[in-house]
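Coordinates from final_31.cif are shown below (mmCIF, C-alpha atoms).
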```cif
data_model
loop_
_atom_site.label_atom_id
_atom_site.label_comp_id
_atom_site.auth_asym_id
_atom_site.auth_seq_id
_atom_site.Cartn_x
_atom_site.Cartn_y
_atom_site.Cartn_z
CA MET P 1 18.72 5.24 0.53
CA LYS P 2 18.84 5.22 -3.25
CA ARG P 3 16.06 2.73 -3.80
CA ILE P 4 13.33 1.10 -1.78
CA LEU P 5 13.26 -2.28 -3.46
CA THR P 6 16.74 -3.21 -4.61
CA ALA P 7 18.07 -6.75 -4.80
CA ALA P 8 17.23 -8.17 -1.40
CA GLY P 9 18.81 -11.46 -2.42
CA ALA P 10 18.32 -13.58 -5.51
CA ALA P 11 15.35 -15.38 -4.02
CA LEU P 12 13.48 -12.14 -3.34
CA LEU P 13 14.15 -10.85 -6.86
CA ALA P 14 12.83 -14.08 -8.30
CA VAL P 15 9.65 -13.77 -6.24
CA VAL P 16 9.15 -10.14 -7.29
CA ALA P 17 9.73 -10.91 -10.96
CA LEU P 18 7.34 -13.85 -10.83
CA SER P 19 4.72 -11.78 -9.05
CA ALA P 20 4.90 -8.90 -11.53
CA CYS P 21 5.40 -10.73 -14.83
CA SER P 22 4.07 -14.26 -14.74
CA PRO P 23 1.29 -14.70 -12.18
CA GLY P 24 0.69 -18.21 -10.94
CA THR P 25 -2.54 -20.09 -11.54
CA PRO P 26 -5.17 -19.07 -8.97
CA ALA P 27 -7.00 -21.58 -6.86
CA ALA P 28 -9.96 -23.29 -8.47
CA THR P 29 -12.61 -20.87 -7.35
CA THR P 30 -14.80 -18.11 -8.71
CA THR P 31 -15.68 -14.60 -7.75
CA PRO P 32 -18.20 -14.40 -4.89
CA THR P 33 -21.66 -13.88 -6.33
CA ALA P 34 -24.81 -12.25 -5.06
CA SER P 35 -26.04 -15.57 -3.67
CA ARG P 36 -23.28 -15.46 -1.05
CA THR P 37 -24.14 -12.01 0.21
CA PRO P 38 -27.37 -10.82 1.87
CA GLU P 39 -29.28 -8.27 -0.13
CA ALA P 40 -28.42 -4.71 0.77
CA ALA P 41 -28.65 -1.28 -0.76
CA GLY P 42 -26.04 -0.73 -3.45
CA PRO P 43 -25.10 -2.03 -6.90
CA ALA P 44 -25.65 -5.70 -7.65
CA LEU P 45 -22.64 -7.97 -7.54
CA PRO P 46 -21.33 -9.07 -10.96
CA PRO P 47 -21.48 -12.65 -12.23
CA GLY P 48 -18.73 -14.93 -10.97
CA MET P 49 -15.47 -15.04 -12.92
CA THR P 50 -13.60 -18.18 -13.88
CA PRO P 51 -10.07 -18.76 -12.54
CA SER P 52 -8.61 -18.18 -16.01
CA ALA P 53 -10.45 -14.86 -16.36
CA ILE P 54 -9.20 -13.74 -12.95
CA ALA P 55 -5.63 -14.79 -13.83
CA ALA P 56 -5.78 -12.70 -17.01
CA LEU P 57 -6.33 -9.50 -15.02
CA PRO P 58 -3.27 -7.38 -14.15
CA ALA P 59 -2.02 -7.93 -10.61
CA ALA P 60 -2.45 -4.86 -8.38
CA VAL P 61 1.12 -4.93 -7.09
CA TYR P 62 3.57 -2.18 -6.14
CA ASP P 63 5.14 -1.63 -9.58
CA ALA P 64 2.00 -1.91 -11.73
CA VAL P 65 0.19 0.97 -13.43
CA ILE P 66 -3.53 0.20 -13.85
CA PRO P 67 -5.60 3.04 -15.36
CA GLY P 68 -8.92 1.57 -14.23
CA LEU P 69 -8.10 2.04 -10.55
CA LEU P 70 -9.62 4.93 -8.62
CA ALA P 71 -7.94 7.76 -6.76
CA ALA P 72 -8.34 6.96 -3.06
CA PRO P 73 -10.56 9.11 -0.82
CA ALA P 74 -8.74 12.05 0.76
CA GLU P 75 -9.72 10.95 4.26
CA PRO P 76 -10.42 7.21 4.16
CA ARG P 77 -11.95 5.53 7.19
CA ILE P 78 -9.65 2.67 8.17
CA SER P 79 -10.55 0.50 11.14
CA HIS P 80 -9.23 -2.93 10.23
CA ALA P 81 -6.96 -4.84 7.88
CA ALA P 82 -7.87 -7.95 5.93
CA THR P 83 -6.48 -10.58 3.58
CA VAL P 84 -7.94 -12.45 0.61
CA ALA P 85 -8.12 -16.24 0.50
CA PHE P 86 -7.60 -16.37 -3.27
CA ASP P 87 -6.73 -13.99 -6.10
CA ALA P 88 -9.73 -11.64 -6.07
CA PRO P 89 -10.86 -9.29 -8.84
CA VAL P 90 -11.43 -5.61 -8.11
CA TYR P 91 -13.71 -3.30 -10.00
CA ALA P 92 -13.88 0.23 -11.37
CA ALA P 93 -16.40 2.90 -10.42
CA ASP P 94 -19.10 1.26 -12.55
CA PHE P 95 -19.09 -1.83 -10.26
CA THR P 96 -19.13 -3.93 -13.44
CA THR P 97 -15.69 -3.75 -15.04
CA ALA P 98 -13.00 -5.89 -13.42
CA VAL P 99 -9.78 -3.89 -13.80
CA ALA P 100 -7.26 -5.86 -11.72
CA ARG P 101 -6.84 -8.66 -9.22
CA ILE P 102 -5.55 -8.62 -5.68
CA PRO P 103 -3.09 -11.53 -5.41
CA ALA P 104 -3.55 -13.79 -2.40
CA LYS P 105 0.23 -13.60 -1.82
CA ASP P 106 2.43 -10.50 -1.99
CA PHE P 107 5.89 -10.27 -3.58
CA LEU P 108 7.39 -11.75 -0.40
CA GLY P 109 5.16 -14.82 -0.65
CA LYS P 110 3.13 -13.74 2.37
CA PRO P 111 -0.63 -13.09 2.56
CA THR P 112 -1.47 -9.81 0.86
CA VAL P 113 -2.73 -7.26 3.38
CA ILE P 114 -5.44 -4.86 2.24
CA VAL P 115 -7.59 -2.32 4.06
CA PRO P 116 -11.25 -1.52 3.39
CA VAL P 117 -12.06 2.20 3.51
CA ALA P 118 -15.74 2.38 2.53
CA THR P 119 -18.76 0.16 1.96
CA LYS P 120 -21.70 0.35 -0.41
CA GLY P 121 -24.18 -2.46 -0.02
CA ALA P 122 -22.34 -5.74 -0.66
CA TRP P 123 -19.22 -3.91 -1.84
CA SER P 124 -16.09 -2.66 -0.07
CA MET P 125 -13.66 -0.09 -1.39
CA VAL P 126 -10.08 -1.18 -0.65
CA LEU P 127 -6.79 0.64 -1.04
CA THR P 128 -4.45 -0.93 -3.57
CA ALA P 129 -0.68 -1.07 -3.93
CA SER P 130 -0.56 -0.03 -7.61
CA ARG P 131 -0.48 3.28 -9.43
CA GLN P 132 -3.34 4.55 -11.53
CA LEU P 133 -1.13 6.91 -13.50
CA LEU P 134 2.54 7.76 -13.80
CA PRO P 135 3.54 11.32 -12.90
CA SER P 136 4.97 11.73 -16.42
CA GLN P 137 1.52 10.93 -17.84
CA ALA P 138 -0.41 13.38 -15.69
CA GLY P 139 0.02 16.41 -17.92
CA ASP P 140 0.67 20.04 -17.10
CA GLY P 141 -0.86 21.23 -13.86
CA ALA P 142 -2.04 17.75 -12.88
CA SER P 143 -0.56 15.13 -10.61
CA ALA P 144 -0.80 11.38 -10.32
CA PRO P 145 -2.56 10.13 -7.18
CA ALA P 146 -0.22 8.87 -4.48
CA GLN P 147 -2.77 6.27 -3.39
CA THR P 148 -5.27 4.24 -5.40
CA ALA P 149 -8.38 2.24 -4.59
CA ALA P 150 -10.92 -0.13 -6.14
CA TRP P 151 -14.18 -1.90 -5.29
CA MET P 152 -14.46 -5.58 -4.44
CA PRO P 153 -17.23 -7.82 -3.08
CA THR P 154 -17.09 -7.65 0.70
CA SER P 155 -17.48 -11.42 0.82
CA ALA P 156 -14.03 -11.77 -0.79
CA LEU P 157 -12.37 -10.27 2.30
CA GLY P 158 -10.77 -12.83 4.57
CA THR P 159 -9.34 -12.64 8.08
CA SER P 160 -9.89 -9.25 9.68
CA VAL P 161 -7.62 -7.56 12.25
CA ALA P 162 -8.64 -4.42 14.17
CA LEU P 163 -6.15 -1.55 13.87
CA GLN P 164 -5.52 0.32 17.13
CA HIS P 165 -2.97 2.89 15.93
CA ARG P 166 -2.27 5.41 13.20
CA VAL P 167 0.95 6.88 11.80
CA VAL P 168 1.02 10.59 10.94
CA VAL P 169 3.99 12.14 9.15
CA SER P 170 4.32 15.92 9.04
CA VAL P 171 6.65 17.01 6.25
CA SER P 172 6.88 20.61 7.42
CA ALA P 173 7.55 19.68 11.05
CA GLN P 174 9.67 16.69 9.98
CA THR P 175 8.06 14.41 12.55
CA LEU P 176 6.41 11.01 12.67
CA THR P 177 3.73 10.52 15.30
CA ILE P 178 2.11 7.26 16.35
CA THR P 179 -1.40 7.92 17.62
CA ASP P 180 -4.15 5.76 19.05
CA ALA P 181 -7.27 5.04 17.00
CA ASN P 182 -8.83 8.31 18.21
CA GLY P 183 -5.89 10.42 17.11
CA LYS P 184 -4.26 10.93 20.52
CA ALA P 185 -0.48 11.13 20.15
CA GLU P 186 1.47 8.39 21.92
CA GLN P 187 4.99 8.77 20.46
CA THR P 188 6.62 11.40 18.26
CA PHE P 189 9.99 11.11 16.50
CA PRO P 190 12.08 13.32 14.21
CA VAL P 191 12.25 12.16 10.58
CA GLY P 192 14.03 12.84 7.33
CA VAL P 193 11.74 13.59 4.39
CA GLY P 194 12.02 14.25 0.67
CA THR P 195 13.88 17.11 -0.92
CA PRO P 196 12.02 19.80 -2.91
CA GLU P 197 13.06 17.99 -6.11
CA THR P 198 11.94 14.57 -4.85
CA PRO P 199 9.24 15.40 -2.29
CA THR P 200 7.39 13.06 0.00
CA PRO P 201 3.76 13.17 -1.23
CA THR P 202 1.42 15.00 1.14
CA GLY P 203 -2.34 15.23 1.65
CA THR P 204 -2.75 11.49 1.33
CA THR P 205 -3.33 8.36 3.39
CA GLY P 206 -2.03 4.89 2.66
CA TYR P 207 -1.10 1.93 4.82
CA LEU P 208 1.81 -0.27 5.85
CA GLN P 209 1.66 -3.09 3.31
CA ALA P 210 4.87 -5.12 3.83
CA ARG P 211 8.19 -5.20 5.70
CA TYR P 212 11.46 -7.01 5.25
CA LEU P 213 15.21 -6.88 5.86
CA ASP P 214 17.57 -6.02 2.99
CA PRO P 215 21.30 -6.32 3.84
CA ALA P 216 22.13 -5.03 0.35
CA GLN P 217 20.77 -1.64 1.47
CA GLY P 218 22.42 -1.83 4.87
CA GLN P 219 19.12 -2.87 6.45
CA ALA P 220 20.13 -6.09 8.21
CA VAL P 221 18.79 -5.07 11.64
CA HIS P 222 15.83 -2.74 11.11
CA ARG P 223 13.17 -3.89 8.68
CA ILE P 224 12.14 -1.63 5.79
CA GLN P 225 8.49 -0.63 6.11
CA LEU P 226 6.79 -0.40 2.72
CA THR P 227 3.74 1.78 2.39
CA SER P 228 1.10 1.66 -0.33
CA LEU P 229 1.94 5.26 -1.32
CA HIS P 230 3.85 6.28 -4.44
CA ALA P 231 5.92 9.27 -5.49
CA THR P 232 3.93 11.91 -7.37
CA ALA P 233 6.72 14.11 -8.74
CA ALA P 234 8.73 11.50 -10.68
CA ASP P 235 8.11 8.05 -12.10
CA GLU P 236 11.22 6.53 -10.53
CA PRO P 237 12.85 9.03 -8.15
CA TYR P 238 15.10 6.29 -6.74
CA GLY P 239 16.65 5.50 -10.11
CA GLY P 240 15.49 1.89 -10.28
CA ALA P 241 12.36 -0.07 -11.07
CA ASP P 242 10.58 0.23 -7.75
CA GLY P 243 7.40 1.86 -8.99
CA GLY P 244 8.20 5.03 -7.04
CA LEU P 245 7.13 3.28 -3.86
CA ILE P 246 7.38 5.29 -0.64
CA GLY P 247 9.14 3.45 2.16
CA ILE P 248 9.92 4.09 5.82
CA HIS P 249 13.39 2.97 6.81
CA TYR P 250 16.25 3.35 9.25
CA GLN P 251 19.00 5.87 8.53
CA ASN P 252 21.76 7.38 10.66
CA VAL P 253 20.79 10.85 9.46
CA ALA P 254 17.06 10.93 10.16
CA PHE P 255 16.14 14.60 10.01
CA GLY P 256 15.84 17.34 7.40
CA ALA P 257 14.78 17.34 3.74
CA VAL P 258 17.31 14.70 2.71
CA SER P 259 15.57 11.77 1.02
CA GLN P 260 14.22 10.94 -2.43
CA GLY P 261 10.68 10.83 -1.07
CA CYS P 262 11.02 8.16 1.58
CA VAL P 263 10.74 8.71 5.33
CA ARG P 264 13.96 8.16 7.28
CA LEU P 265 13.84 7.18 10.95
CA GLY P 266 16.29 6.58 13.77
CA ALA P 267 16.55 3.20 15.48
CA ASP P 268 13.95 3.77 18.22
CA ALA P 269 11.46 5.21 15.75
CA ILE P 270 11.74 2.47 13.13
CA ASP P 271 11.44 -0.17 15.84
CA ALA P 272 8.24 1.48 17.09
CA VAL P 273 6.75 1.43 13.58
CA ASP P 274 7.89 -2.16 13.13
CA ARG P 275 5.76 -3.19 16.12
CA LEU P 276 2.58 -1.93 14.43
CA PRO P 277 0.53 -4.47 12.48
CA LEU P 278 0.52 -4.39 8.70
CA GLY P 279 -2.50 -2.47 7.49
CA THR P 280 -1.86 0.39 9.94
CA PRO P 281 -2.82 3.61 8.13
CA ILE P 282 -0.19 6.26 7.44
CA THR P 283 -1.22 9.83 6.71
CA VAL P 284 1.30 12.26 5.23
CA GLN P 285 0.48 15.93 5.70
CA ASP P 286 2.21 19.22 4.91
#
```

Written form, structure tokens:
Amino acid sequence: MKRILTAAGAALLAVVALSACSPGTPAATTTPTASRTPEAAGPALPPGMTPSAIAALPAAVYDAVIPGLLAAPAEPRISHAATVAFDAPVYAADFTTAVARIPAKDFLGKPTVIVPVATKGAWSMVLTASRQLLPSQAGDGASAPAQTAAWMPTSALGTSVALQHRVVVSVSAQTLTITDANGKAEQTFPVGVGTPETPTPTGTTGYLQARYLDPAQGQAVHRIQLTSLHATAADEPYGGADGGLIGIHYQNVAFGAVSQGCVRLGADAIDAVDRLPLGTPITVQD
């Protein structure tokens, strides 16, 4: 598959372009303030932000690069997925500077799914779908993080769904394993992974953030599974404008080092992943 997010129809492109370039006006609300959250150990919550101030923040979407984001923890604790009821600001490590906003709707027009990975008082660290840094900006001997994170008031999190499974991809073994929440393997499938020139990033954990069909890529039966992970060896290994997003998708040849960073699965395997709820964590290891 040359690209993860190609033209999946004119309507989809319009939604993506609107999401990335001209955010809509958020609902008439403000950032949750300390008065909404019981006192707890940890930094104080910032003053509420106006809708216009929130709208002025960059959207933390798949093709954005937002330097103020944090590199995600190496082993995040993920137990549930959540949504946000309105565009919600997220903060840098100082718990004071708003660096981006999580849109209430994703590029497909569906509720944005996020996963909390840590808490500190009234705050939750959540994984984000954007890059912090492009690989070309990382400099010699350094690499851009495959997964980013940021802090947000816990009270901004909406509906919560418990996650009962995990996805583990082994690049060296070329396998994808679905485990239960305790790490016990339930199903294992062969997979195709990235080539040495366009490797699948390892030593990182993200989550399943969206899924959709794209007949233009030959994916009219098995939905593409988009992760929150990004390529770390090249800005755009797929040759497009997809933000180097790592996807999981169906392919006839689903074994070997054959992709541009994505994970290729056979029919039974992609259908098994498709049955998992969005927010399910995916760990990629050597």

Determine, counting all atoms listed in the file, which protein, DNA and RNA residues have an atom within 12 Å of an atom of P:Leu276; residues of the same chain fewer than 6 positions away are not included. Present the result as an MDAnalysis selection string. chainID P and resid 81 161:167 178:180 207:211 225 269:270 282

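For the structure in this document, the set picked by the PyMOL selection byres ((chain P and resi 145-150) around 7) is Leu69, Leu70, Ala71, Ala72, Val90, Tyr91, Ala92, Met125, Val126, Leu127, Thr128, Ser130, Arg131, Gln132, Ser143, Ala144, Trp151, Met152, Pro201, Thr204, Gly206, Ser228, Leu229, His230, Ala231 and Thr232 of chain P.
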
Those same residues, written as a compact mmCIF listing (two decimals), in the frame of the given file with C-alpha atoms?
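Result went into result-v9.txt, see below:
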```txt
# COMPACT_ATOMS: atom_id res chain seq x y z
CA LEU P 69 -8.10 2.04 -10.55
CA LEU P 70 -9.62 4.93 -8.62
CA ALA P 71 -7.94 7.76 -6.76
CA ALA P 72 -8.34 6.96 -3.06
CA VAL P 90 -11.43 -5.61 -8.11
CA TYR P 91 -13.71 -3.30 -10.00
CA ALA P 92 -13.88 0.23 -11.37
CA MET P 125 -13.66 -0.09 -1.39
CA VAL P 126 -10.08 -1.18 -0.65
CA LEU P 127 -6.79 0.64 -1.04
CA THR P 128 -4.45 -0.93 -3.57
CA SER P 130 -0.56 -0.03 -7.61
CA ARG P 131 -0.48 3.28 -9.43
CA GLN P 132 -3.34 4.55 -11.53
CA SER P 143 -0.56 15.13 -10.61
CA ALA P 144 -0.80 11.38 -10.32
CA TRP P 151 -14.18 -1.90 -5.29
CA MET P 152 -14.46 -5.58 -4.44
CA PRO P 201 3.76 13.17 -1.23
CA THR P 204 -2.75 11.49 1.33
CA GLY P 206 -2.03 4.89 2.66
CA SER P 228 1.10 1.66 -0.33
CA LEU P 229 1.94 5.26 -1.32
CA HIS P 230 3.85 6.28 -4.44
CA ALA P 231 5.92 9.27 -5.49
CA THR P 232 3.93 11.91 -7.37
```

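For P:His249, the non-local neighbours within 6 Å, defined as residues at least 2 positions apart in the same chain or in other chains and counting all atoms listed in the file, are P:Ile224, P:Arg264, P:Leu265.
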
Result set, the PyMOL selection byres ((chain P and resi 190) around 10) on current file, as a CSV table (one decimal) with C-alpha atoms, keeping the file's coordinate frame:
```csv
chain,number,residue,atom,x,y,z
P,169,VAL,CA,4.0,12.1,9.2
P,170,SER,CA,4.3,15.9,9.0
P,173,ALA,CA,7.6,19.7,11.0
P,174,GLN,CA,9.7,16.7,10.0
P,175,THR,CA,8.1,14.4,12.6
P,176,LEU,CA,6.4,11.0,12.7
P,177,THR,CA,3.7,10.5,15.3
P,188,THR,CA,6.6,11.4,18.3
P,189,PHE,CA,10.0,11.1,16.5
P,191,VAL,CA,12.2,12.2,10.6
P,192,GLY,CA,14.0,12.8,7.3
P,193,VAL,CA,11.7,13.6,4.4
P,254,ALA,CA,17.1,10.9,10.2
P,255,PHE,CA,16.1,14.6,10.0
P,256,GLY,CA,15.8,17.3,7.4
P,264,ARG,CA,14.0,8.2,7.3
P,265,LEU,CA,13.8,7.2,11.0
P,266,GLY,CA,16.3,6.6,13.8
P,269,ALA,CA,11.5,5.2,15.8
```

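Picture a line from atom CA of P:Ala55 to atom CA of P:Gly68; it runs 16.7 Å.
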
Using the chain letters and residue numbers of this document, give as number ranges by chain the residues selected by the PyMOL selection byres ((chain P and resi 64) around 10). P: 20-21, 58-63, 65-67, 129-134, 242-243

Could you save the residues just selected, with C-alpha atoms, as an mmCIF file, keeping the file's coordinate frame?
```
data_model
loop_
_atom_site.group_PDB
_atom_site.id
_atom_site.type_symbol
_atom_site.label_atom_id
_atom_site.label_comp_id
_atom_site.auth_asym_id
_atom_site.auth_seq_id
_atom_site.Cartn_x
_atom_site.Cartn_y
_atom_site.Cartn_z
ATOM 1 C CA ALA P 20 4.900 -8.900 -11.530
ATOM 2 C CA CYS P 21 5.400 -10.730 -14.830
ATOM 3 C CA PRO P 58 -3.270 -7.380 -14.150
ATOM 4 C CA ALA P 59 -2.020 -7.930 -10.610
ATOM 5 C CA ALA P 60 -2.450 -4.860 -8.380
ATOM 6 C CA VAL P 61 1.120 -4.930 -7.090
ATOM 7 C CA TYR P 62 3.570 -2.180 -6.140
ATOM 8 C CA ASP P 63 5.140 -1.630 -9.580
ATOM 9 C CA VAL P 65 0.190 0.970 -13.430
ATOM 10 C CA ILE P 66 -3.530 0.200 -13.850
ATOM 11 C CA PRO P 67 -5.600 3.040 -15.360
ATOM 12 C CA ALA P 129 -0.680 -1.070 -3.930
ATOM 13 C CA SER P 130 -0.560 -0.030 -7.610
ATOM 14 C CA ARG P 131 -0.480 3.280 -9.430
ATOM 15 C CA GLN P 132 -3.340 4.550 -11.530
ATOM 16 C CA LEU P 133 -1.130 6.910 -13.500
ATOM 17 C CA LEU P 134 2.540 7.760 -13.800
ATOM 18 C CA ASP P 242 10.580 0.230 -7.750
ATOM 19 C CA GLY P 243 7.400 1.860 -8.990
#
```

Just to confirm, what's the straight-line distance from atom CA of P:Gly247 to atom CA of P:Asp140 in Å (one decimal)? 26.8 Å

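Interatomic distance, atom CA of P:Pro46 to atom CA of P:His80: 25.2 Å.
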
In the coordinates of the file, take the point (-8.4, -9.2, -6.7) and a cut-off of 7 Å; then, counting all atoms listed in the file, name each qualifying protein, DNA or RNA residue as a list in words. Asp87, Ala88, Pro89, Val90, Ala100, Arg101, Ile102 and Pro103 of chain P

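With distances restricted to all atoms listed in the file, P:Pro135 is the closest residue to P:Asp235 from P:Val115, P:Leu213, P:Pro135, P:Asp271.
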